[in-house]
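Read the structure below first, then the notes.
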Protein chains: 2
Amino acid sequence: MKTVLVVGAGAIGTFYGAKLAQAGAEVTLVCRSDYEAVRTGGVEIDSVWGSFHFTPAGVMHSVAEYGRAADLILVATKVLPEIDTAAMIRPAAGPGSGVLLLQNGIGIEAPVAAGLPGVEILSGLAFACIWRAAPGRIVHQDYGRLALGCYPSGISPKLKELAGMLEKAGVPVTLTDAVQRDRWRKLVWNAPFNPLSVLGGGITTREILSDPEGTALSRAVMEEVVALAAADGWPLPPEVVQKNLDDTLNMTPYKTSMCLDFEHGRPLEVEAILGNAVRAGRRLGVRTPHLDSLYAALRLVDAKLRGRA
Amino acid sequence: MKTVLVVGAGAIGTFYGAKLAQAGAEVTLVCRSDYEAVRTGGVEIDSVWGSFHFTPAGVMHSVAEYGRAADLILVATKVLPEIDTAAMIRPAAGPGSGVLLLQNGIGIEAPVAAGLPGVEILSGLAFACIWRAAPGRIVHQDYGRLALGCYPSGISPKLKELAGMLEKAGVPVTLTDAVQRDRWRKLVWNAPFNPLSVLGGGITTREILSDPEGTALSRAVMEEVVALAAADGWPLPPEVVQKNLDDTLNMTPYKTSMCLDFEHGRPLEVEAILGNAVRAGRRLGVRTPHLDSLYAALRLVDAKLRGRA
């Protein structure tokens, strides 16, 4: 795995791209807003694991500009209905390429796999507190573990090679042969806290849980996600709900990624995080009235943000 | 019914107080923010029924200042947990007084009745498009009907006298011996549209219903309110849900009163409109997951508005 193309070089994509470069890969970034800054000065990575400067092998405006197949395409864009990921990365996806979807949400791999037959799809979740402080400057404040698996399931040689490189660069990796279960498990947290942080007008996890009704609704939504996961064939341990609530109460008040998108007036990952879960429920015959309510309300916020309403 | 004291002289209270003055009553206003303007210049009423100037018999800062019992105390404040209505109006409530609660929400009469034993409690709903354009200037743009009944039920001589005076001044009045049913029926509309207009970030009824998920959630909330009303002993005709949706789609896009409060950073009537309904469900054993979700989310908005969060 010599060549890596990072598509969606925000904080997460750039950070893990930079770690793969530290492990010896030739890493190219596809940038939009920060193109000039990164092309000129590279990226300053302020990391609790040790800060360093990252000079990408290339900085491009588009995937087509790359002009060849990459061994690994690391996709870290937001998951939005208007982005056709398969079409976007196809120019760099050859028969030997792997695609790592390091993105939020549930059920996000299927459209990419369908659009890129014969290309190996890896799926990953980042448990990390990493943000872009300025053009060309990424801050890694805490955590940083990746959970990685093959889509739809299993652990392949390519995945093991990728994990080995990440670990060489100091990234803790959990390999999973059931990454869908890990996605459902992460959704247990995302499904209440992402929408409520936005619907509350831009508030932290602490503010959500400081209200007994906020806690009760968070719990009800989590229980619906656990029921969805089980109906989808990925049962989660029942204590996951209480553990998520306890851990969130005990952690530093946190603004979700969706809350930050909201505060910056950017489109929200409503469909990837909530819509796909709601649709899974409709398909599987699981009633999810609390999730449905947050989904509908959040669509209205998103429509207003996009000026579509 | 010679003397009327209006408490909460916002748009609704001032308008109907002015109509009672037209019918011959001696009407005094308790004002907060607009005290100076109203005391100096009275109130200009711009009404589709014919504009007129209203000079109150008195303008006061507080009920205590009134110094006697009123024949009728017209209460048109917002219903907020921090307002103890019974304590507020007690100085003007004598044995022969009647109290008209012209306010939003469900279950709002019981605490007032409990705090003023022996005082006759009337309950009313305004179906009107009336707002305060400036200090001392009220605009009545459309509609204007009142539904009035005795609390907890029935039609008394005092209520008939009040209705007669309002009708004399040109106000259409519907007398009801089951005003609780009318409150539930109005809540069918308020329960979805008030919170969603706020949670969507300040949007109209048209924007809510332009999204199929927004329509589906509005319908689900309405059906929960119909179930609550039935369990509370006030069954509504089943077609009320579809009729509310159809009528709302056909009317001019409308910003709810709660949306206007939100946009002005004022406290929201969360408990009167949603909290009391949710609590009725818990008491009556009716599950209301959609209503619960909107209630919890709206409490978070209200806490943020109040700077309590």
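Ordering of the structure tokens sets the chain letters (A, B, ...), residue numbers begin anew at 1 in every chain, and ligands are numbered from 1 in the order given.
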
How close does each residue of chain B get to chain A, giving the shortest atom pair and distance in Å to one decimal for every residue with an atom at most 6 Å away, counting only C-alpha atoms, sorted by chain and residue number, as JSON lines?
```
{"residue": "B:Leu199", "atom": "CA", "partner": "A:Leu199", "partner_atom": "CA", "distance": 5.6}
{"residue": "B:Gly200", "atom": "CA", "partner": "A:Val301", "partner_atom": "CA", "distance": 4.5}
{"residue": "B:Glu207", "atom": "CA", "partner": "A:Ala309", "partner_atom": "CA", "distance": 5.7}
{"residue": "B:Glu213", "atom": "CA", "partner": "A:Ala296", "partner_atom": "CA", "distance": 5.1}
{"residue": "B:Gly214", "atom": "CA", "partner": "A:Ala296", "partner_atom": "CA", "distance": 5.4}
{"residue": "B:Pro289", "atom": "CA", "partner": "A:His290", "partner_atom": "CA", "distance": 5.9}
{"residue": "B:His290", "atom": "CA", "partner": "A:Ser293", "partner_atom": "CA", "distance": 5.8}
{"residue": "B:Ser293", "atom": "CA", "partner": "A:His290", "partner_atom": "CA", "distance": 5.8}
{"residue": "B:Ala296", "atom": "CA", "partner": "A:Glu213", "partner_atom": "CA", "distance": 5.1}
{"residue": "B:Leu300", "atom": "CA", "partner": "A:Gly200", "partner_atom": "CA", "distance": 4.9}
{"residue": "B:Val301", "atom": "CA", "partner": "A:Gly200", "partner_atom": "CA", "distance": 4.5}
{"residue": "B:Ala309", "atom": "CA", "partner": "A:Glu207", "partner_atom": "CA", "distance": 5.7}
```

**Request:** Run DSSP on the backbone of this structure and report the residues of segment 58-300 of chain B it assigns to helix (DSSP H, G or I), as a VMD selection string.
**Result:** chain B and resid 64 to 66 85 to 92 109 to 115 157 to 168 179 to 199 205 to 209 212 to 231 240 to 250 257 to 263 270 to 284 289 to 300

**Request:** Would you return as number ranges by chain the members of segment 23-240 of chain B that DSSP assigns to strand (DSSP E or B) on this structure's backbone?
**Result:** B: 26-30, 43-47, 52-54, 58-60, 72-75, 98-102, 120-134, 137-150, 173-175

**Request:** Fewer than 3 positions away in the same chain doesn't count, so skip those; otherwise give me all residues within 10 Å of Pro81 of chain A, counting only C-alpha atoms, as a list of chain:residue names.
**Result:** A:Lys78, A:Asp84, A:Thr85, A:Glu269, A:Val270, A:Glu271, A:Ala272

**Message:** Just checking: using only C-alpha atoms, which residue out of B:Val6, B:Leu268, B:Leu245, B:Leu102 ends up closest to Ser62 of chain B?
**Reply:**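 Among B:Val6, B:Leu268, B:Leu245, B:Leu102, it is B:Val6 that comes nearest to Ser62 of chain B.
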
**Request:** Could you please determine the separation between atom CA of Glu26 of chain A and atom CA of Gly67 of chain A in Å, to one decimal place?
**Result:** 14.8 Å

**Residue among B:His140, B:Lys255, B:Arg183, B:Lys2 lying closest to Ser123 of chain B, counting only C-alpha atoms** =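 Smallest separation from Ser123 of chain B among the options: B:Arg183.
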
**Request:** Show which residues sit within 7 Å of segment 166-178 of chain A, as number ranges by chain. Count only C-alpha atoms, and ignore same-chain residues fewer than 3 positions away.
**Result:** A: 19-20, 22-23, 144-150, 153-155, 162-163, 181-182

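Among the candidates B:Met165, B:Leu72, B:Ile138, B:Leu80, the residue lying nearest to Arg266 of chain B is B:Leu80 (atoms considered: only C-alpha atoms).
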
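Using only C-alpha atoms, the shortest contact distance between Ala92 of chain B and any of B:Thr3, B:Ser47, B:Gln180, B:Thr40 is found at B:Thr3.
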
**Asked** Expressed in Å to a single decimal, how great is the separation between atom CA of Ala280 of chain B and atom CA of Glu120 of chain B?
**Response** 24.1 Å
